[in-house]
Structures are given as structure tokens and as C-alpha cells.
Number of protein chains: 2
Amino acid sequence: MTSWIEIDKKSDFTIYNIPFGVCSINGSRKRLATRVGDQVIDLAKVADLGCFQDLRISPSVFKKETLNNFISRGKRKTSAVRKRIQELLTTDSFLKDHPEVFLAYDDVEMHMPVEVKDYTDFYSSLDHATNVGKMFRDPENALLPNWKHLPVGYHGRASSIIVSGVDIHRPKGQYKPKDAKKPVFGPSQRMDFELEMAFIIGKSTKLGDSVKVNRAEDYIFGMVIFNDWSARDIQGWEYVPLGPFLGKSFASTISPWVVTMEALDLLRISSPEQSPKVLPYLRQKGQNHFDIDLKVGIRPENGEETIVGTSNFKHMYWSMVQQLAHHTVNGRNINVGDMMASGTISGPTEKSRGCMLEISWAGTQPITLNDGSQRSFLHDGDTVAMYASGEKDGKRIGFGMLESKLLPVK
Amino acid sequence: MTSWIEIDKKSDFTIYNIPFGVCSINGSRKRLATRVGDQVIDLAKVADLGCFQDLRISPSVFKKETLNNFISRGKRKTSAVRKRIQELLTTDSFLKDHPEVFLAYDDVEMHMPVEVKDYTDFYSSLDHATNVGKMFRDPENALLPNWKHLPVGYHGRASSIIVSGVDIHRPKGQYKPKDAKKPVFGPSQRMDFELEMAFIIGKSTKLGDSVKVNRAEDYIFGMVIFNDWSARDIQGWEYVPLGPFLGKSFASTISPWVVTMEALDLLRISSPEQSPKVLPYLRQKGQNHFDIDLKVGIRPENGEETIVGTSNFKHMYWSMVQQLAHHTVNGRNINVGDMMASGTISGPTEKSRGCMLEISWAGTQPITLNDGSQRSFLHDGDTVAMYASGEKDGKRIGFGMLESKLLPVK
């Protein structure tokens, strides 16, 4: 498949990708969009040109504030729209006569692609869970007894999920310095990122229903990169016995383009053998893991970026379909727009750790950035950037970049 | 203040209450309503009669599917509407000529009063936290070190909050029987309720802002009774280290009428002395506790109700304004419709325990119901009912009843 549009071979946004997002131009009304190479395609305009008419999907769907309405039309429709866009950019030359639908990426503002109804964060990387367990609990028994029997997860704050490019402020909170008798209040001293991926629910269920593990992907629309900002000192003091709360809830950042499961088919790989064997409701068939290269970098104020972690989504112990089957096995309903994040994705090596807590081993092993400055945790003015992409048979797709700057406490 | 409508002295819905809810009649479109005695007042019709015209609030506000739009108009408007309704039912006799606005309570169907954006559950009863700590951890150190320094809380599942009258199914899940080597999968064997109250956010904030403890009530619209259904066996196995998840998320039930903070002023009392002294951002002025009698009962299939717990909202250690100040101190935003529950409200005596886990002491001390049957935890067919009301100077207000039946596993 070759497009008549020039697309850099290194671009994440090849003709094989065709992700969906929400954009605006100079403060104009939001509309749905896709991206090829460095160009954003205004899908509202494409729809107004009648390009989706025979697919029986109204142009109004492409003029909403989020993708939720589009996604809720179902995969049959959204896949047909994606294929049509691929046709329009390859075999069909109709859009050549309509340059008004093409926008330079730098001219558009990207917005939250979905309205997130409920947000869940899992904890599904074996290496991450093991590293954290070693640091905070017993190095000999780093993993808790339930970890290999179910994908541990918890509910997070949906309304503080923001899109790449929106800066955040260092949070204030309560924490207990090591060896201190009493907790103190102030700006977090241990600001961290977590390199994660998240999937977005594409099909709702009713209360009382469960999603079967081998049907679960029918309920997943696509994925984004997810930075689960974490204030380790606040989290460490507050989290017993009910889990992370203010150490996480101040903000989470996602990448703007939702890459569909159809596109991600390219990167599908077998899931790892799980031992002990999981209970029947978690037994999956087929290839449910994905070979997606991940990178996270820190760019100091007015400085250059240093890549501090290089991982891969394939390092997950639990697959997305297992996470979703477990999530709904108690009959809890899911809704289009629900977001479910993977948990920090660390690999088996030191270079493949996905958060500063692991990279600096709880601050005991600071790293040196390209500009010579050291980091145990994040400094004010640091921009955290995350990248996710994959390639197979010379076909490349990716998520582009997620970035957000840590501003001083407000 | 005396109404020209006959209201039973024992009614929770006196002229001093005037709560807000959402109802429909024979499947008609939803509309906002209030209740006095056994009569529901159709506020959409009252608005169409022009009764709120001079308050500059459009009749369309009373024809929405939830209270969110009404609440977001701000306390000045919502309080004015409430006062106007009181006038219409006391000094003003205009509505006497409009019987069409009055509906018999039994003819209307009540719906979810608000769209819940984000839901948080706190753990703010000292007696409950102490009892649970004794059962599950160290009787000598039942409270964890952070408990008296901050209101411990966690995020729950917003989309599975349902209104009183909607039955639920016993959830399935993974749990590890005592002394078993491996976890098993099946219907929960330890189904429980939690007697809680919840408050509803009435004013939104922006990401990065915090709500000060002594301004926090400006952000609280009103309250409901909250049953935080819990599957203890699922919860016990899954909750380390990230907190409750599937043991709670299958459903939570709220009462249909939102009682405003203006009405609850009647029941305001001083907050208890807190020792150790809390950090400055949690230091509250004035009376932030409320004297609300609480009851929870179990009604077996075709049986009569047995009251199994009698508590009071005044037993909370942390007040709602402290919970909200803590919740937002990290700069996390709140939205109109957010719901924040108290956690199980237990008192100091055996009779004042708020969940079966405490009442039957983890199943070791089953109780006997009026029909002679025993309960350690809930049986299929049991209806759980909760009541909340208060009285002062001969003035009574209350929340009415919350009830929901536990159906067999689906």
C-alpha cells in the first residue's frame, strides 16, 4: 500500500496506521481527525465531501468534541471509515483536489481524544512489580501471593487525565520523611513518571455481564501512550491499606492519537507462558501481546533530551484481554471511553526500567543526563517525553510522542 | 413553618427538608422533583407554571435527566429554588389550584439523581478502621500509622453506582479460602453491605487548584445514604498492595433524594477533638459534623426486616470538609456530580457496627434474625435497607429509605 502523499519512512503515521484524534485549528470548533506523516486530515471536512456517505455514518459524528460517539458506532463502522481513509490516500485521488482537508501538524491543537468515563490502572509488568517489591517489601518475596493469579489493578482518577502538551504542576501533599516521627506537608520531593500504555473501551456492557477473555478484544477500540505521574513520597505514606490516592490523582498524561487494534494487528505476538497456570476465566487463546518499542526521555529546562529508559510492551505478564476479562468477571459494567492502563512497563534489564523509582533504585543510584546534571527524581522544568512504535515486514506504525512539562508547585 | 399539605410528623420529608431528585411517571421523560410527606412534586411542572421565573432559572433545567445541570447553577440559585418551594407550600397557596404538580410517591419511579463523574470512598470511622485492623492485622496496632494524620481514601467505580430499588447480583470472583494453597473462582461466599453516607460535589475546580478546609462546604451540594456493597473474600485476596478493586466495583447503591447542606444545617454539631493535632491544611473551624441517626436492616426473601446495626454519622473521625480539603490538596480537580463516600460508619458499641464483617466479627459470631435464621454474611434474596434521619427542636428531616435486594449469581 503506497500513498500519493509523501510520508517519511521513519514516520509513526504511515498509511498502515490511520489513528483517530480530536483537533482544532486556531481555536476553531473541535473535530475528529487522523494523521499521515506530518499532515493532519480534517475528517469533518472529508465527511462533508461525502466520502463516508455510503458507509451510513453521518458527518455530524466527525464534529463532536471527543471520539466517544464515533467509537460507539461499533468496530464495523469505525474499521470501514479507517479503510476508506486508506483508499482515499492510495488508490483514490479524489482528495488531491481538496487540499483544504489537509492541515500542517504544527497548525493544529490536539485535544483529549475521548471522554474518559472510568479509569483503571493495572500493575502487570513482572519486572516492575518485582523491583518495587524488592525496594519496599521483602527482597526474598518481592511478589505478593496474588500477583501471578490475577492482574492486580485499582481505580484511578478519570477527570485528571490530560492530553500530551498540557503542562502539570508539582503536587503538594503529606508525606513522612525517612526516620521522621511525624508526617510533614509540602511539595513532593520524589516526583516520578511511569511509562505505560493504555487501552480504550470501544463497546459497553450492562451491569451484571462479564466479558470473556477470548472475546475481550471486541471491546477494545485502540491504544494510547500513558504517563502515570507519581509522587512517590506522598504515595508511600498514604497507600496502606487502600492503595494509591493523592500520589497519583493530580494528573495522568496520554498521547493524542488513538491507534486502533486493527493497525496494531501488525505487531501482534504470542503471549508468554504463565506459571502457575491461571484460572479458566483467564486462559487466553491466540496472540494477545504486542511488540511495541517504548522509550522515555527527560529534557531539562532549555536542555537536550536524554533517553533514560528503553522498554517494550511485550514485557507485560498479563495481556489486555486478561485484564479486561478479570476487570468484568464480577459483573461490573464497562462504557465506551473507559481507559485501562498497563502499569509501569519495565523489562528484565537495568536499561529497560520504566520509572525513576526503579531507574535510580529509590534514589540510591542517581543517573547523569547528557547535560551532566543528575536525577534521582524529576526536577521542576523537566519535560518527560514518551515514544511508542513498532515495525514489521518494512511496515511501521507508532503513537508519535507524548510530552508534558513539570512546572514548579502552584 | 407549617405547610398546608398534611405531612406525617414522623416523615423524613417535612417542610424543613425539600430534597432534590429525578423521577418519571409510567415511563415518561425524566424530570427533577422534590418530596413532601408522601407526595412527590414535579418541579418541571412547577417551573412551567412560572414559579421560578423571577429567580432567573429556566424551566428547561428541571427537565434534564440528572441534577448536574441544576446543581451547576450554584448554591445561590439552588437555595433560592428550595426556599421558593417552601414558600409555595406554606404562605403561598398558588399550588393549591394546581393539583397536577403533586404525584403520589407510589406512582413515580425514582432514578439516579446525579451523573457521577468520579467516585471516592473514604475510611473515616475510627471504630470501623479499628475493628477491621484488629480482625485482619495486629489487634495491638489495629490502626495503621497514617490513619490519624490523613483521611485515608481510594478511588472507586463511578459507573456502577445505582439507585435504591435496583437489585444486584451476587458477584463471581477469585478468592483464596483459608488454608487453601491456591485461589479458587466462584460466587462470593462473604457478601456484605457497608452503611455509609456520601456527599455530592456542587462546584467544580480547575486542575492545579485546592479547596481550603474552611471553604470546603461551598463545594458540597448535599448528601445521600450510600451502601458500599462488598465481597469480603474477593476483597481480602485482591487488595494488596493497591487496594480494593473487584470486591467493591460490582455495585454501590445510593438513596434517591439528595438532601441539601442547607437542610442539614439543622443537624450540625461540633467536630470531635483530634489527637495527634492534624497538619494546618486539615485544621477546621466551626461545626462540621452532623447528628444523623443511621440504621441498617436485613429482610430475608418473603420475611420481615431485622435491624442489625444502629449507628450515627457523628461517629466519623474525619469531617467531610477535611476529606475534601485533603482530596484536593494535591491540585486535583473536582467536578459537579463527583461523589465522596464516608466509609463504613460504625460506632463504639457492638450494636453500632456498620457491616456484617464487624457485626459477625468476620463470620465467627453469626447473628440471629427475627425469623430465626442466622447470618454471618448476606444470603441470596436478602434485601438490605438503610435509613438516615435526624431531629432537633421538633423539626425532623431525613433521607428516606435506601433498599436493594441481593439476587443469586447471574
# chains A, B, ... in the order shown; residues from 1 in each chain; ligands from 1
>>> interface_residues(of="chain A", to="chain B", cutoff="8 Å", atoms="only C-alpha atoms", output="PyMOL selection string")
chain A and resi 117-118+144+146+149-150+152-160+168-169+171-173+183-185+207-208+237-246+249-251+279+327+329-334+410
>>> write_last_selection(atoms="N, CA and C atoms", output="compact mmCIF listing (two decimals), in the first residue's frame")
# COMPACT_ATOMS: atom_id res chain seq x y z
N LYS A 117 -14.66 7.78 31.01
CA LYS A 117 -15.73 7.56 32.00
C LYS A 117 -15.12 7.06 33.30
N ASP A 118 -14.49 5.91 33.23
CA ASP A 118 -13.82 5.35 34.40
C ASP A 118 -12.41 4.96 33.99
N LEU A 144 3.82 -10.29 45.81
CA LEU A 144 2.80 -10.72 46.77
C LEU A 144 2.09 -11.96 46.23
N ASN A 146 -0.85 -12.90 45.48
CA ASN A 146 -1.92 -12.87 44.46
C ASN A 146 -1.40 -12.52 43.07
N HIS A 149 -1.72 -14.77 40.08
CA HIS A 149 -3.03 -15.41 39.93
C HIS A 149 -4.07 -14.48 39.32
N LEU A 150 -3.84 -13.17 39.43
CA LEU A 150 -4.78 -12.21 38.85
C LEU A 150 -4.04 -10.92 38.51
N VAL A 152 -3.40 -7.61 39.12
CA VAL A 152 -3.68 -6.63 40.17
C VAL A 152 -3.93 -5.25 39.54
N GLY A 153 -4.95 -4.56 40.01
CA GLY A 153 -5.25 -3.24 39.50
C GLY A 153 -6.04 -2.43 40.51
N TYR A 154 -6.24 -1.15 40.21
CA TYR A 154 -7.01 -0.28 41.10
C TYR A 154 -7.62 0.83 40.27
N HIS A 155 -8.62 1.48 40.84
CA HIS A 155 -9.28 2.58 40.15
C HIS A 155 -8.51 3.88 40.37
N GLY A 156 -8.38 4.67 39.31
CA GLY A 156 -7.73 5.96 39.41
C GLY A 156 -8.70 7.09 39.15
N ARG A 157 -8.16 8.28 39.03
CA ARG A 157 -8.97 9.49 38.86
C ARG A 157 -9.16 9.78 37.37
N ALA A 158 -10.37 9.60 36.85
CA ALA A 158 -10.61 9.77 35.42
C ALA A 158 -10.51 11.23 34.99
N SER A 159 -10.98 12.15 35.83
CA SER A 159 -11.12 13.54 35.39
C SER A 159 -9.80 14.31 35.39
N SER A 160 -8.74 13.73 35.89
CA SER A 160 -7.45 14.42 35.83
C SER A 160 -6.53 13.82 34.77
N ILE A 168 2.01 20.21 33.78
CA ILE A 168 1.42 19.97 35.11
C ILE A 168 2.26 20.67 36.18
N HIS A 169 1.66 20.86 37.34
CA HIS A 169 2.37 21.45 38.47
C HIS A 169 2.80 20.37 39.45
N PRO A 171 2.87 18.50 42.63
CA PRO A 171 1.83 18.49 43.66
C PRO A 171 2.37 18.71 45.07
N LYS A 172 1.53 19.29 45.91
CA LYS A 172 1.80 19.36 47.35
C LYS A 172 1.10 18.18 48.01
N GLY A 173 1.60 17.80 49.15
CA GLY A 173 0.92 16.73 49.85
C GLY A 173 1.58 16.39 51.16
N PRO A 183 4.50 13.05 60.04
CA PRO A 183 4.46 13.45 58.62
C PRO A 183 4.62 14.96 58.49
N VAL A 184 5.02 15.41 57.31
CA VAL A 184 5.12 16.83 57.01
C VAL A 184 4.26 17.13 55.78
N PHE A 185 4.04 18.43 55.53
CA PHE A 185 3.26 18.85 54.35
C PHE A 185 4.12 19.74 53.47
N LEU A 207 -24.55 -3.77 33.59
CA LEU A 207 -24.21 -4.25 34.93
C LEU A 207 -24.69 -5.69 35.07
N GLY A 208 -23.80 -6.56 35.56
CA GLY A 208 -24.13 -7.97 35.71
C GLY A 208 -23.48 -8.85 34.65
N TRP A 237 3.39 7.11 51.83
CA TRP A 237 2.81 7.36 53.16
C TRP A 237 1.33 7.04 53.19
N GLU A 238 0.63 7.30 52.10
CA GLU A 238 -0.83 7.21 52.10
C GLU A 238 -1.37 5.84 51.74
N TYR A 239 -0.57 4.98 51.06
CA TYR A 239 -1.17 3.88 50.29
C TYR A 239 -1.64 2.67 51.10
N VAL A 240 -1.27 2.60 52.39
CA VAL A 240 -1.79 1.47 53.17
C VAL A 240 -3.04 1.91 53.94
N PRO A 241 -4.11 1.11 53.99
CA PRO A 241 -4.25 -0.18 53.33
C PRO A 241 -5.06 -0.12 52.02
N LEU A 242 -5.45 1.08 51.56
CA LEU A 242 -6.42 1.12 50.46
C LEU A 242 -5.85 1.50 49.10
N GLY A 243 -4.53 1.63 49.01
CA GLY A 243 -3.92 1.84 47.70
C GLY A 243 -3.57 3.28 47.39
N PRO A 244 -2.97 3.52 46.20
CA PRO A 244 -2.54 4.86 45.80
C PRO A 244 -3.74 5.81 45.68
N PHE A 245 -3.53 7.07 46.05
CA PHE A 245 -4.64 8.03 46.03
C PHE A 245 -4.09 9.37 45.55
N LEU A 246 -3.68 10.27 46.43
CA LEU A 246 -3.22 11.59 46.01
C LEU A 246 -1.84 11.55 45.37
N SER A 249 -3.31 10.99 41.71
CA SER A 249 -4.54 11.56 41.14
C SER A 249 -4.39 12.98 40.61
N PHE A 250 -3.25 13.64 40.84
CA PHE A 250 -3.11 15.04 40.42
C PHE A 250 -3.07 15.17 38.90
N ALA A 251 -2.62 14.14 38.19
CA ALA A 251 -2.63 14.17 36.72
C ALA A 251 -2.08 12.88 36.13
N LEU A 279 -6.43 -19.43 36.41
CA LEU A 279 -7.78 -20.00 36.48
C LEU A 279 -8.44 -19.91 35.10
N HIS A 327 -11.33 -7.73 34.96
CA HIS A 327 -11.98 -6.47 35.36
C HIS A 327 -13.50 -6.62 35.41
N VAL A 329 -15.23 -9.71 35.47
CA VAL A 329 -15.71 -11.04 35.88
C VAL A 329 -16.70 -10.95 37.05
N ASN A 330 -16.66 -9.83 37.77
CA ASN A 330 -17.61 -9.66 38.89
C ASN A 330 -18.91 -9.02 38.42
N GLY A 331 -19.07 -8.86 37.11
CA GLY A 331 -20.32 -8.33 36.58
C GLY A 331 -20.36 -6.82 36.47
N ARG A 332 -19.27 -6.18 36.77
CA ARG A 332 -19.25 -4.72 36.65
C ARG A 332 -19.30 -4.30 35.19
N ASN A 333 -20.07 -3.26 34.90
CA ASN A 333 -20.24 -2.77 33.53
C ASN A 333 -19.03 -1.96 33.07
N ILE A 334 -18.84 -1.90 31.76
CA ILE A 334 -17.82 -1.02 31.17
C ILE A 334 -18.53 -0.11 30.16
N LYS A 410 2.26 25.06 42.38
CA LYS A 410 1.42 26.24 42.10
C LYS A 410 1.15 27.03 43.38
>>> residues_around(residues="Arg73 of chain B", least_positions_apart="6", cutoff="9 Å", atoms="only C-alpha atoms", output="list in words")
Ile57, Gly202 and Lys203 of chain B
>>> closest_residue(among="B:Gly381, B:Gly337, B:Gly398, B:Gly74", to="Asn302 of chain B", atoms="only C-alpha atoms")
B:Gly381
>>> residues_around(residues="Ala129 of chain B", least_positions_apart="3", cutoff="10 Å", atoms="only C-alpha atoms", output="ChimeraX atom specification")
/B:123-126,132-134,142-144,147,343-346
>>> select_by_dssp(residues="segment 10-193 of chain B", states="strand (DSSP E)", output="number ranges by chain")
B: 21-25, 31-36, 39-42, 102-104, 108-111, 119-122, 153-155, 161-163, 168-169, 172-175, 184-187, 191-192
>>> atom_distance(atom1="atom CA of Asp228 of chain B", atom2="atom CA of Asp138 of chain B")
24.8 Å
